[in-house]
Amino acid sequence: MNYEVVIGLEVHVQLTTKTKIFCGCSTAFGQTPNSQTCPVCLALPGALPVLNYQAVEYAIRTGLATNCTIAPQSVFARKNYFYPDLPKGYQISQYELPVCQHGWLDIEGEWGSKRIGITRIHMEEDAGKLVHGELPGTAQSSFVDLNRAGTPLLEVVSEPDMRSADEAVAYLKKLHQIVVYLGVCDGNLEEGSFRCDANVSLRPVGQEQFGTRAEIKNVNSFRFVKLAIEHEIERQADLLDSGGKVVQETRLFDAQTGMTRSMRSKEEAHDYRYFPDPDLVPLEIDAAWIEAERAQLPELPEARRQRYQADWGLSAYDAEVLTAERPLADYFEACVTLLPSQAKSIANWVMGELTRKLNEGGVNIAESPVTPLLLTGMLKLIEAGTISGKIAKTVFDEMWATGHEPARIVEEKGLVQVSDSGAIEQIVAEVLAASAAQVEQYRGGNEKVFGFFVGQVMKASKGKANPALVNELLKKKLEG
Amino acid sequence: MKISRSEVEHVARLARLALDEAELDALTGDMDAILAYVDQLSRLQTDGIAPTAHAVPMANAFRPDAVRPGFTPEQALVNAPSPDPAGFRVPRVIE
């Protein structure tokens with residue numbers, strides 16, 4: 001039978017606050033186990049949680065950037081369950097009154113543009129980390145590290161609006177890009193800063209009612225999300241085709257096998273007995289606060305993309321590449337501010353040489369030895385005819401290696417473009433004299449050899465000849 | 001009856017309470033009486049009144065995002081029945 005897949009995603013976004021959501025313990029990753037705890041996050045009797053202001057600001061900004069309504073009042077609730085990584089026996093979360101609701105994101109792809117609804121975004125605390133014993137004598141033990149317990153999270157819950165694994169990945173990438181742009185999340189999937197659970201169900205094409213869904217957990221890369229969903233679609237289709245039924249359950253994705261497997265079935269359905277946490281007062285956000293946060297929002301990638309195309313005539317592809325990450329876009333714009341007439345050329349250098357060097361050296365763009373000032377300084381030298389585009393590559397490499405000003409490099413290395421027609425004329429004459437066969441071909445109608453002559457002249461001049469002048473003089477000599 | 005014996009049994013299981021038959025009977029009676037008492041509130045006309053989330057009429061208690069020193073790992077584990085450098089040692093749990 002033909003099935004349609006229905007996918008909804010729940011994404012846990014770890015906030016970049018310095019401290020935990022309800023106490024002043026550090027959220028730094030990878031520290032000694034249990035070195036970042038206090039009475040609040042250890043759940044010692046009498047300790048009281050107090051909400052981190054910065055976490056609320058980040059929640060509001062994320063809500064605004066995803067077109068949500070910010071709730072004038074939201075309430076923290078206790079989600080009750082027992083697990084060793086949860087010292088209080090409940091997780092502080094939000095339930096009936098989340099901080100953000102009714103948002104959406106548009107995703108682009110082969111399907112055109114599609115709007116994916118965001119049901120809600122709520123704030124909550126993370127649990128601790130469990131490590132299962134691997135050393136001799138510890139096989140029957142697990143170890144609890146509570147450094148992560150209390151780390152602020154936003155849970156972003158989508159509507160079941162996605163109809164393919166590709167749509168789900170596009171939505172995730174978009175959300176990831178936004179939270180990283182906002183600076184509210186470092187976006188590190190491997191360290192678990194951005195975690196996704198996927199709810200996947202199938203229904204016969206044409207049927208309105210949703211099928212039974214399985215929830216897939218533990219997927220920590222965009223590629224795995226795609227694999228996990230595709231595997232799950234196949235598994236459920238096979239099951240339904242053979243007359244079976246999908247069981248509502250949580251399944252774990254196993255990156256080793258590319259399959260999902262059922263988690264040990266829970267003895268009973270989740271029964272979290274949510275109720276408002278009496279230790280925390282309601283969160284009230286008025287219009288003035290919302291506007292103050294709106295003013296803090298950076299320009300988001302979508303708006304930047306459109307502006308690059310409209311104002312600077314960049315292609316959709318170039319605009320997409322340049323805006324993919326905020327530091328790259330910021331670098332590009334800093335260059336354009338310095339040299340507004342050369343946006344297209346700047347784009348080419350940033351996406352070409354600069355990106356290549358950054359990747360080769362594993363260098364962060366913020367630490368690029370070639371700063372916007374140096375790059376545009378070099379482009380100004382090309383614009384003025386002082387150096388050729390070809391020589392510019394040499395100047396660029398030199399700037400990368402030394403961080404020196406382009407003018408200094410050009411002077412020290414003797415890279416000034418030769419625009420003296422007498423000198424070039426001489427080289428042209430020598431090249432033509434040495435290439436009688438090619439001259440004959442050219443005069444016989446094979447115009448393709450022209451490039452050969454240009455190459456020879458440039459080579460003979462060590463790349464310094466003014467290319468326009470070379471073209472002009474070659475034409476004159478060959479045809480004259 | 002405001003609460004059934006099976007509901008009490010269910011809630012006890014969620015709370016990890018092992019109750020024997022006599023305790024279940026007694027608690028069912030007690031909880032029923034408590035719920036009946038609280039149920040007096042439902043006689044009040046509360047249409048159009050927003051649910052109260054907190055007993056104190058107050059909102060927005062915040063702290064700045066500034067790190068405060070907490071416990072050392074040794075202090076954090078001082079009450080642990082089985083402390084270990086790797087953390088609180090518990091019987092193996094895996095899903």
# chains A, B, ... in the order shown; residues from 1 in each chain; ligands from 1

call {"tool": "interface_residues", "arguments": {"of": "chain B", "to": "chain A", "cutoff": "12 Å", "atoms": "only C-alpha atoms", "output": "ChimeraX atom specification"}}
result
/B:10-11,13-16,50-80,82-95

call {"tool": "select_by_dssp", "arguments": {"residues": "chain B", "states": "strand (DSSP E or B)", "output": "PDB file with N, CA, C and O atoms, in the first residue's frame"}}
result
ATOM      1  N   PHE B  62      14.059  36.887  39.672  1.00  0.00           N
ATOM      2  CA  PHE B  62      15.165  36.477  38.807  1.00  0.00           C
ATOM      3  C   PHE B  62      16.497  36.548  39.530  1.00  0.00           C
ATOM      4  O   PHE B  62      16.642  37.235  40.532  1.00  0.00           O
ATOM      5  N   ARG B  63      17.484  35.855  38.945  1.00  0.00           N
ATOM      6  CA  ARG B  63      18.867  36.040  39.358  1.00  0.00           C
ATOM      7  C   ARG B  63      19.678  36.356  38.102  1.00  0.00           C
ATOM      8  O   ARG B  63      19.329  35.920  36.993  1.00  0.00           O
ATOM      9  N   PHE B  71      29.800  23.322  45.260  1.00  0.00           N
ATOM     10  CA  PHE B  71      30.510  22.277  45.980  1.00  0.00           C
ATOM     11  C   PHE B  71      31.721  21.767  45.201  1.00  0.00           C
ATOM     12  O   PHE B  71      31.736  21.810  43.982  1.00  0.00           O
ATOM     13  N   PRO B  83      30.164   6.696  46.894  1.00  0.00           N
ATOM     14  CA  PRO B  83      30.802   7.745  46.092  1.00  0.00           C
ATOM     15  C   PRO B  83      31.924   7.178  45.235  1.00  0.00           C
ATOM     16  O   PRO B  83      32.524   6.168  45.580  1.00  0.00           O
ATOM     17  N   ASP B  84      32.185   7.836  44.136  1.00  0.00           N
ATOM     18  CA  ASP B  84      33.202   7.371  43.196  1.00  0.00           C
ATOM     19  C   ASP B  84      33.655   8.599  42.415  1.00  0.00           C
ATOM     20  O   ASP B  84      32.851   9.497  42.195  1.00  0.00           O
ATOM     21  N   GLY B  87      31.340   9.529  39.808  1.00  0.00           N
ATOM     22  CA  GLY B  87      30.022  10.056  40.140  1.00  0.00           C
ATOM     23  C   GLY B  87      29.330   9.245  41.219  1.00  0.00           C
ATOM     24  O   GLY B  87      29.952   8.411  41.892  1.00  0.00           O
ATOM     25  N   PHE B  88      28.047   9.532  41.394  1.00  0.00           N
ATOM     26  CA  PHE B  88      27.234   8.762  42.334  1.00  0.00           C
ATOM     27  C   PHE B  88      27.054   7.374  41.728  1.00  0.00           C
ATOM     28  O   PHE B  88      26.507   7.230  40.637  1.00  0.00           O
ATOM     29  N   ARG B  89      27.538   6.366  42.458  1.00  0.00           N
ATOM     30  CA  ARG B  89      27.450   5.017  41.904  1.00  0.00           C
ATOM     31  C   ARG B  89      26.086   4.436  42.239  1.00  0.00           C
ATOM     32  O   ARG B  89      25.677   4.418  43.406  1.00  0.00           O
ATOM     33  N   VAL B  90      25.386   3.961  41.228  1.00  0.00           N
ATOM     34  CA  VAL B  90      24.046   3.396  41.428  1.00  0.00           C
ATOM     35  C   VAL B  90      23.973   2.056  40.700  1.00  0.00           C
ATOM     36  O   VAL B  90      24.806   1.772  39.833  1.00  0.00           O
ATOM     37  N   PRO B  91      22.989   1.224  41.051  1.00  0.00           N
ATOM     38  CA  PRO B  91      22.825  -0.018  40.295  1.00  0.00           C
ATOM     39  C   PRO B  91      22.632   0.311  38.812  1.00  0.00           C
ATOM     40  O   PRO B  91      22.025   1.320  38.477  1.00  0.00           O
TER      41      PRO B  91
END

call {"tool": "atom_distance", "arguments": {"atom1": "atom CA of A:Arg148", "atom2": "atom CA of A:Leu182"}}
result
22.3 Å

call {"tool": "atom_distance", "arguments": {"atom1": "atom CA of A:Gln296", "atom2": "atom CA of A:Met123"}}
result
19.7 Å

call {"tool": "select_by_dssp", "arguments": {"residues": "stretch 262-332 of chain A", "states": "alpha helix (DSSP H)", "output": "CSV table (one decimal) with all heavy atoms, in the first residue's frame"}}
result
chain,number,residue,atom,x,y,z
A,287,ALA,N,4.7,43.8,27.1
A,287,ALA,CA,5.0,44.3,25.7
A,287,ALA,C,6.4,45.0,25.7
A,287,ALA,O,7.1,44.8,24.7
A,287,ALA,CB,3.9,45.1,25.2
A,288,ALA,N,6.7,45.8,26.7
A,288,ALA,CA,7.9,46.6,26.7
A,288,ALA,C,9.1,45.6,26.7
A,288,ALA,O,10.1,45.8,26.0
A,288,ALA,CB,7.9,47.5,27.9
A,289,TRP,N,9.0,44.6,27.5
A,289,TRP,CA,10.1,43.6,27.6
A,289,TRP,C,10.3,42.9,26.2
A,289,TRP,O,11.4,42.8,25.7
A,289,TRP,CB,9.9,42.6,28.7
A,289,TRP,CG,11.0,41.7,29.0
A,289,TRP,CD1,12.3,41.7,28.4
A,289,TRP,CD2,11.1,40.7,30.0
A,289,TRP,NE1,13.1,40.8,28.9
A,289,TRP,CE2,12.4,40.1,29.9
A,289,TRP,CE3,10.2,40.2,31.0
A,289,TRP,CZ2,12.8,39.1,30.8
A,289,TRP,CZ3,10.6,39.2,31.8
A,289,TRP,CH2,11.9,38.6,31.7
A,290,ILE,N,9.1,42.5,25.6
A,290,ILE,CA,9.2,41.8,24.3
A,290,ILE,C,9.9,42.7,23.3
A,290,ILE,O,10.8,42.3,22.5
A,290,ILE,CB,7.8,41.4,23.9
A,290,ILE,CG1,7.2,40.4,24.8
A,290,ILE,CG2,7.8,40.9,22.4
A,290,ILE,CD1,5.8,40.0,24.5
A,291,GLU,N,9.5,44.0,23.3
A,291,GLU,CA,10.1,44.9,22.3
A,291,GLU,C,11.6,45.1,22.6
A,291,GLU,O,12.4,45.3,21.7
A,291,GLU,CB,9.4,46.3,22.3
A,291,GLU,CG,8.0,46.2,21.7
A,291,GLU,CD,7.9,45.3,20.5
A,291,GLU,OE1,8.7,45.5,19.5
A,291,GLU,OE2,7.1,44.3,20.4
A,292,ALA,N,12.0,45.2,23.9
A,292,ALA,CA,13.4,45.3,24.2
A,292,ALA,C,14.2,44.1,23.6
A,292,ALA,O,15.3,44.3,23.1
A,292,ALA,CB,13.6,45.4,25.7
A,293,GLU,N,13.6,42.9,23.7
A,293,GLU,CA,14.3,41.7,23.2
A,293,GLU,C,14.3,41.7,21.7
A,293,GLU,O,15.3,41.3,21.1
A,293,GLU,CB,13.6,40.4,23.7
A,293,GLU,CG,13.8,40.2,25.2
A,293,GLU,CD,15.2,40.3,25.8
A,293,GLU,OE1,16.1,40.0,25.0
A,293,GLU,OE2,15.3,40.7,26.9
A,294,ARG,N,13.2,42.2,21.1
A,294,ARG,CA,13.1,42.3,19.7
A,294,ARG,C,14.3,43.2,19.1
A,294,ARG,O,14.9,42.9,18.1
A,294,ARG,CB,11.8,42.8,19.2
A,294,ARG,CG,11.5,42.5,17.7
A,294,ARG,CD,10.2,43.3,17.2
A,294,ARG,NE,9.0,43.0,18.0
A,294,ARG,CZ,8.2,41.9,17.8
A,294,ARG,NH1,8.6,41.0,16.8
A,294,ARG,NH2,7.1,41.7,18.5
A,295,ALA,N,14.5,44.3,19.9
A,295,ALA,CA,15.6,45.2,19.5
A,295,ALA,C,17.0,44.5,19.5
A,295,ALA,O,17.9,45.0,18.9
A,295,ALA,CB,15.5,46.4,20.3
A,296,GLN,N,17.1,43.5,20.3
A,296,GLN,CA,18.4,42.7,20.4
A,296,GLN,C,18.6,41.7,19.4
A,296,GLN,O,19.6,41.1,19.3
A,296,GLN,CB,18.4,42.0,21.8
A,296,GLN,CG,18.4,42.9,23.0
A,296,GLN,CD,19.7,43.7,23.1
A,296,GLN,OE1,20.8,43.2,22.9
A,296,GLN,NE2,19.5,45.0,23.4
A,301,PRO,N,19.3,35.0,8.9
A,301,PRO,CA,19.8,34.7,7.6
A,301,PRO,C,18.9,34.9,6.5
A,301,PRO,O,19.3,35.4,5.4
A,301,PRO,CB,20.1,33.2,7.8
A,301,PRO,CG,19.7,32.8,9.2
A,301,PRO,CD,19.4,34.0,9.9
A,302,GLU,N,17.6,34.7,6.7
A,302,GLU,CA,16.6,34.8,5.5
A,302,GLU,C,16.6,36.3,5.1
A,302,GLU,O,16.7,36.6,3.9
A,302,GLU,CB,15.2,34.4,6.0
A,302,GLU,CG,14.4,33.9,4.9
A,302,GLU,CD,13.2,33.1,5.4
A,302,GLU,OE1,13.5,32.0,5.9
A,302,GLU,OE2,12.1,33.6,5.4
A,303,ALA,N,16.5,37.2,6.0
A,303,ALA,CA,16.5,38.6,5.7
A,303,ALA,C,17.8,39.0,5.0
A,303,ALA,O,17.8,39.8,4.1
A,303,ALA,CB,16.2,39.4,6.9
A,304,ARG,N,18.9,38.5,5.5
A,304,ARG,CA,20.2,38.8,5.0
A,304,ARG,C,20.3,38.3,3.5
A,304,ARG,O,20.8,39.1,2.7
A,304,ARG,CB,21.3,38.2,5.8
A,304,ARG,CG,21.7,39.0,7.0
A,304,ARG,CD,22.9,38.4,7.7
A,304,ARG,NE,23.6,39.4,8.5
A,304,ARG,CZ,24.7,39.3,9.2
A,304,ARG,NH1,25.3,38.1,9.2
A,304,ARG,NH2,25.2,40.2,9.9
A,305,ARG,N,19.9,37.1,3.3
A,305,ARG,CA,19.9,36.6,2.0
A,305,ARG,C,19.2,37.5,1.0
A,305,ARG,O,19.7,37.8,-0.1
A,305,ARG,CB,19.2,35.2,2.0
A,305,ARG,CG,20.1,34.0,2.2
A,305,ARG,CD,19.6,32.7,1.5
A,305,ARG,NE,18.2,32.4,1.9
A,305,ARG,CZ,17.9,31.7,3.1
A,305,ARG,NH1,18.9,31.4,3.9
A,305,ARG,NH2,16.7,31.5,3.3
A,306,GLN,N,18.0,37.9,1.4
A,306,GLN,CA,17.2,38.7,0.5
A,306,GLN,C,17.9,40.0,0.2
A,306,GLN,O,17.9,40.5,-0.9
A,306,GLN,CB,15.8,38.9,1.0
A,306,GLN,CG,15.0,37.6,0.9
A,306,GLN,CD,13.7,37.7,1.7
A,306,GLN,OE1,13.4,38.7,2.3
A,306,GLN,NE2,13.0,36.5,1.8
A,307,ARG,N,18.5,40.6,1.2
A,307,ARG,CA,19.2,41.9,1.1
A,307,ARG,C,20.4,41.8,0.2
A,307,ARG,O,20.7,42.6,-0.6
A,307,ARG,CB,19.6,42.4,2.5
A,307,ARG,CG,20.1,43.8,2.5
A,307,ARG,CD,20.1,44.4,3.9
A,307,ARG,NE,20.8,43.5,4.9
A,307,ARG,CZ,22.1,43.6,5.1
A,307,ARG,NH1,22.8,44.3,4.4
A,307,ARG,NH2,22.7,42.8,6.0
A,308,TYR,N,21.1,40.7,0.3
A,308,TYR,CA,22.3,40.5,-0.5
A,308,TYR,C,22.0,40.5,-2.0
A,308,TYR,O,22.7,41.0,-2.8
A,308,TYR,CB,23.1,39.2,-0.1
A,308,TYR,CG,23.8,39.2,1.2
A,308,TYR,CD1,23.6,40.3,2.1
A,308,TYR,CD2,24.7,38.2,1.6
A,308,TYR,CE1,24.2,40.3,3.3
A,308,TYR,CE2,25.3,38.2,2.8
A,308,TYR,CZ,25.1,39.2,3.7
A,308,TYR,OH,25.7,39.2,4.9
A,309,GLN,N,20.8,39.8,-2.2
A,309,GLN,CA,20.4,39.7,-3.6
A,309,GLN,C,19.9,41.0,-4.1
A,309,GLN,O,20.2,41.5,-5.3
A,309,GLN,CB,19.4,38.6,-3.8
A,309,GLN,CG,19.9,37.2,-3.5
A,309,GLN,CD,18.8,36.2,-3.6
A,309,GLN,OE1,18.3,35.9,-4.6
A,309,GLN,NE2,18.6,35.5,-2.5
A,310,ALA,N,19.1,41.7,-3.3
A,310,ALA,CA,18.4,43.0,-3.8
A,310,ALA,C,19.5,44.1,-3.8
A,310,ALA,O,19.5,44.9,-4.8
A,310,ALA,CB,17.3,43.3,-2.8
A,311,ASP,N,20.3,44.2,-2.8
A,311,ASP,CA,21.2,45.4,-2.7
A,311,ASP,C,22.5,45.2,-3.5
A,311,ASP,O,23.0,46.2,-4.0
A,311,ASP,CB,21.5,45.7,-1.3
A,311,ASP,CG,20.3,46.2,-0.5
A,311,ASP,OD1,19.2,46.2,-1.1
A,311,ASP,OD2,20.5,46.5,0.7
A,312,TRP,N,23.0,44.0,-3.5
A,312,TRP,CA,24.3,43.8,-4.1
A,312,TRP,C,24.3,42.9,-5.3
A,312,TRP,O,25.4,42.6,-5.8
A,312,TRP,CB,25.3,43.3,-3.0
A,312,TRP,CG,25.4,44.3,-1.9
A,312,TRP,CD1,25.4,45.7,-2.0
A,312,TRP,CD2,25.5,44.0,-0.5
A,312,TRP,NE1,25.5,46.2,-0.7
A,312,TRP,CE2,25.6,45.2,0.2
A,312,TRP,CE3,25.6,42.8,0.2
A,312,TRP,CZ2,25.7,45.3,1.6
A,312,TRP,CZ3,25.7,42.9,1.6
A,312,TRP,CH2,25.8,44.1,2.3
A,316,ALA,N,21.3,33.8,-5.8
A,316,ALA,CA,20.7,33.2,-4.6
A,316,ALA,C,21.6,32.2,-4.0
A,316,ALA,O,21.7,32.1,-2.8
A,316,ALA,CB,19.4,32.4,-5.1
A,317,TYR,N,22.4,31.5,-4.8
A,317,TYR,CA,23.4,30.6,-4.3
A,317,TYR,C,24.5,31.3,-3.4
A,317,TYR,O,24.7,30.9,-2.3
A,317,TYR,CB,24.1,29.8,-5.4
A,317,TYR,CG,25.2,28.9,-4.9
A,317,TYR,CD1,24.8,27.6,-4.3
A,317,TYR,CD2,26.5,29.2,-5.0
A,317,TYR,CE1,25.8,26.8,-3.8
A,317,TYR,CE2,27.5,28.4,-4.5
A,317,TYR,CZ,27.2,27.2,-3.9
A,317,TYR,OH,28.1,26.4,-3.4
A,318,ASP,N,25.1,32.4,-4.0
A,318,ASP,CA,26.1,33.1,-3.2
A,318,ASP,C,25.5,33.6,-1.9
A,318,ASP,O,26.2,33.5,-0.8
A,318,ASP,CB,26.6,34.3,-4.0
A,318,ASP,CG,27.5,33.8,-5.2
A,318,ASP,OD1,27.7,32.6,-5.4
A,318,ASP,OD2,27.9,34.7,-6.0
A,319,ALA,N,24.3,34.2,-2.0
A,319,ALA,CA,23.7,34.7,-0.8
A,319,ALA,C,23.5,33.7,0.3
A,319,ALA,O,23.7,33.9,1.5
A,319,ALA,CB,22.4,35.4,-1.1
A,320,GLU,N,23.1,32.5,-0.2
A,320,GLU,CA,22.9,31.4,0.7
A,320,GLU,C,24.2,30.9,1.4
A,320,GLU,O,24.2,30.7,2.6
A,320,GLU,CB,22.3,30.2,-0.1
A,320,GLU,CG,22.2,28.9,0.7
A,320,GLU,CD,20.8,28.5,1.0
A,320,GLU,OE1,19.9,28.9,0.2
A,320,GLU,OE2,20.6,27.8,2.0
A,321,VAL,N,25.2,30.8,0.6
A,321,VAL,CA,26.5,30.4,1.2
A,321,VAL,C,27.0,31.4,2.2
A,321,VAL,O,27.5,31.1,3.3
A,321,VAL,CB,27.6,30.2,0.1
A,321,VAL,CG1,28.9,29.9,0.6
A,321,VAL,CG2,27.1,29.0,-0.8
A,322,LEU,N,26.9,32.7,1.8
A,322,LEU,CA,27.5,33.7,2.6
A,322,LEU,C,26.8,33.9,4.0
A,322,LEU,O,27.3,34.4,4.9
A,322,LEU,CB,27.6,35.0,1.9
A,322,LEU,CG,28.6,35.1,0.8
A,322,LEU,CD1,28.4,36.3,-0.2
A,322,LEU,CD2,30.0,35.1,1.3
A,323,THR,N,25.5,33.6,4.0
A,323,THR,CA,24.7,33.8,5.2
A,323,THR,C,24.5,32.6,6.0
A,323,THR,O,23.9,32.6,7.1
A,323,THR,CB,23.2,34.3,4.8
A,323,THR,OG1,22.6,33.4,4.0
A,323,THR,CG2,23.3,35.7,4.2
A,326,ARG,N,26.8,33.0,10.8
A,326,ARG,CA,26.8,34.4,11.1
A,326,ARG,C,28.2,35.1,11.0
A,326,ARG,O,28.3,36.2,10.4
A,326,ARG,CB,26.2,34.7,12.5
A,326,ARG,CG,26.0,36.1,12.8
A,326,ARG,CD,25.2,36.2,14.1
A,326,ARG,NE,25.3,37.6,14.7
A,326,ARG,CZ,24.9,37.9,15.9
A,326,ARG,NH1,24.3,37.0,16.6
A,326,ARG,NH2,25.0,39.1,16.3
A,327,PRO,N,29.2,34.4,11.5
A,327,PRO,CA,30.6,35.0,11.4
A,327,PRO,C,31.0,35.3,10.0
A,327,PRO,O,31.6,36.3,9.7
A,327,PRO,CB,31.5,34.0,12.1
A,327,PRO,CG,30.6,33.2,12.9
A,327,PRO,CD,29.3,33.1,12.2
A,328,LEU,N,30.7,34.4,9.1
A,328,LEU,CA,31.0,34.5,7.7
A,328,LEU,C,30.3,35.7,7.1
A,328,LEU,O,30.8,36.6,6.4
A,328,LEU,CB,30.7,33.3,6.9
A,328,LEU,CG,31.2,33.2,5.4
A,328,LEU,CD1,32.7,33.1,5.4
A,328,LEU,CD2,30.5,32.1,4.7
A,329,ALA,N,29.0,35.8,7.4
A,329,ALA,CA,28.2,36.9,6.9
A,329,ALA,C,28.6,38.2,7.5
A,329,ALA,O,28.7,39.3,6.8
A,329,ALA,CB,26.7,36.7,7.2
A,330,ASP,N,29.0,38.2,8.7
A,330,ASP,CA,29.5,39.5,9.4
A,330,ASP,C,30.8,39.9,8.7
A,330,ASP,O,31.0,41.1,8.4
A,330,ASP,CB,29.7,39.2,10.9
A,330,ASP,CG,28.4,39.1,11.6
A,330,ASP,OD1,27.4,39.5,11.0
A,330,ASP,OD2,28.4,38.7,12.8
A,331,TYR,N,31.7,38.9,8.4
A,331,TYR,CA,32.9,39.2,7.7
A,331,TYR,C,32.7,39.9,6.4
A,331,TYR,O,33.2,40.9,6.0
A,331,TYR,CB,33.8,38.0,7.6
A,331,TYR,CG,35.1,38.1,7.0
A,331,TYR,CD1,36.3,38.2,7.8
A,331,TYR,CD2,35.3,38.2,5.6
A,331,TYR,CE1,37.5,38.4,7.2
A,331,TYR,CE2,36.5,38.4,5.0
A,331,TYR,CZ,37.7,38.5,5.9
A,331,TYR,OH,38.9,38.6,5.3
A,332,PHE,N,31.8,39.2,5.6
A,332,PHE,CA,31.5,39.7,4.3
A,332,PHE,C,30.9,41.1,4.3
A,332,PHE,O,31.4,42.0,3.6
A,332,PHE,CB,30.5,38.7,3.6
A,332,PHE,CG,29.9,39.2,2.3
A,332,PHE,CD1,30.7,39.3,1.2
A,332,PHE,CD2,28.6,39.7,2.3
A,332,PHE,CE1,30.2,39.7,0.0
A,332,PHE,CE2,28.1,40.2,1.1
A,332,PHE,CZ,28.9,40.2,-0.1

call {"tool": "residues_around", "arguments": {"residues": "B:Arg5", "least_positions_apart": "3", "cutoff": "8 Å", "atoms": "only C-alpha atoms", "output": "ChimeraX atom specification"}}
result
/B:8-9,24-25,28

call {"tool": "write_last_selection", "arguments": {"atoms": "C-alpha atoms", "output": "PDB file, in the first residue's frame"}}
result
ATOM      1  CA  VAL B   8      -4.563   4.797  45.021  1.00  0.00           C
ATOM      2  CA  GLU B   9      -2.691   1.673  44.022  1.00  0.00           C
ATOM      3  CA  LEU B  24      -4.152   0.501  50.716  1.00  0.00           C
ATOM      4  CA  ASP B  25      -7.581   0.277  52.342  1.00  0.00           C
ATOM      5  CA  THR B  28      -8.049   4.983  50.159  1.00  0.00           C
TER       6      THR B  28
END

call {"tool": "residues_around", "arguments": {"residues": "stretch 223-233 of chain A", "least_positions_apart": "5", "cutoff": "8 Å", "atoms": "only C-alpha atoms", "output": "PDB file with N, CA and C atoms, in the first residue's frame"}}
result
ATOM      1  N   VAL A   5       3.986   9.663   5.143  1.00  0.00           N
ATOM      2  CA  VAL A   5       4.604   9.757   6.463  1.00  0.00           C
ATOM      3  C   VAL A   5       4.248  11.114   7.084  1.00  0.00           C
ATOM      4  N   ALA A 165      11.624  12.726   5.225  1.00  0.00           N
ATOM      5  CA  ALA A 165      12.837  12.892   6.031  1.00  0.00           C
ATOM      6  C   ALA A 165      13.568  14.166   5.615  1.00  0.00           C
ATOM      7  N   ASP A 166      13.531  14.475   4.308  1.00  0.00           N
ATOM      8  CA  ASP A 166      14.221  15.675   3.835  1.00  0.00           C
ATOM      9  C   ASP A 166      13.589  16.943   4.412  1.00  0.00           C
ATOM     10  N   ALA A 168      12.068  17.126   7.246  1.00  0.00           N
ATOM     11  CA  ALA A 168      12.436  17.170   8.666  1.00  0.00           C
ATOM     12  C   ALA A 168      13.849  17.724   8.842  1.00  0.00           C
ATOM     13  N   VAL A 169      14.765  17.287   7.975  1.00  0.00           N
ATOM     14  CA  VAL A 169      16.144  17.768   8.071  1.00  0.00           C
ATOM     15  C   VAL A 169      16.206  19.265   7.739  1.00  0.00           C
ATOM     16  N   ALA A 198      12.207  12.536  17.102  1.00  0.00           N
ATOM     17  CA  ALA A 198      11.293  12.589  15.951  1.00  0.00           C
ATOM     18  C   ALA A 198      10.090  11.689  16.200  1.00  0.00           C
ATOM     19  N   VAL A 200       7.241   9.806  14.367  1.00  0.00           N
ATOM     20  CA  VAL A 200       7.014   9.360  12.996  1.00  0.00           C
ATOM     21  C   VAL A 200       5.811   8.424  12.949  1.00  0.00           C
ATOM     22  N   SER A 201       4.872   8.690  12.035  1.00  0.00           N
ATOM     23  CA  SER A 201       3.763   7.755  11.829  1.00  0.00           C
ATOM     24  C   SER A 201       3.443   7.682  10.342  1.00  0.00           C
ATOM     25  N   LEU A 202       2.766   6.630   9.961  1.00  0.00           N
ATOM     26  CA  LEU A 202       2.336   6.472   8.574  1.00  0.00           C
ATOM     27  C   LEU A 202       0.822   6.424   8.525  1.00  0.00           C
ATOM     28  N   ILE A 216      11.362   8.546  18.040  1.00  0.00           N
ATOM     29  CA  ILE A 216      12.761   8.133  17.905  1.00  0.00           C
ATOM     30  C   ILE A 216      13.645   9.111  18.653  1.00  0.00           C
ATOM     31  N   PHE A 253      17.674   5.272  18.073  1.00  0.00           N
ATOM     32  CA  PHE A 253      18.406   5.110  16.826  1.00  0.00           C
ATOM     33  C   PHE A 253      19.806   4.608  17.145  1.00  0.00           C
ATOM     34  N   ALA A 255      23.347   4.316  15.593  1.00  0.00           N
ATOM     35  CA  ALA A 255      24.133   4.824  14.467  1.00  0.00           C
ATOM     36  C   ALA A 255      24.981   3.722  13.832  1.00  0.00           C
ATOM     37  N   GLY A 258      22.271   1.774  11.757  1.00  0.00           N
ATOM     38  CA  GLY A 258      21.350   2.580  10.959  1.00  0.00           C
ATOM     39  C   GLY A 258      19.900   2.187  11.201  1.00  0.00           C
ATOM     40  N   MET A 259      19.630   1.448  12.286  1.00  0.00           N
ATOM     41  CA  MET A 259      18.270   0.985  12.569  1.00  0.00           C
ATOM     42  C   MET A 259      17.745   1.641  13.842  1.00  0.00           C
ATOM     43  N   THR A 260      16.441   1.567  14.019  1.00  0.00           N
ATOM     44  CA  THR A 260      15.877   1.980  15.304  1.00  0.00           C
ATOM     45  C   THR A 260      15.472   0.714  16.039  1.00  0.00           C
TER      46      THR A 260
END

call {"tool": "closest_residue", "arguments": {"among": "B:Gln40, B:Pro81, B:Thr46, B:Ser4", "to": "B:Ala26", "atoms": "only C-alpha atoms"}}
result
B:Ser4

call {"tool": "residues_around", "arguments": {"residues": "stretch 449-460 of chain A", "least_positions_apart": "6", "cutoff": "12 Å", "atoms": "only C-alpha atoms", "output": "number ranges by chain"}}
result
A: 388-391, 417-418, 423-443, 466-475, 477-479

call {"tool": "atom_distance", "arguments": {"atom1": "atom CA of A:Trp111", "atom2": "atom CA of A:Glu167"}}
result
8.6 Å
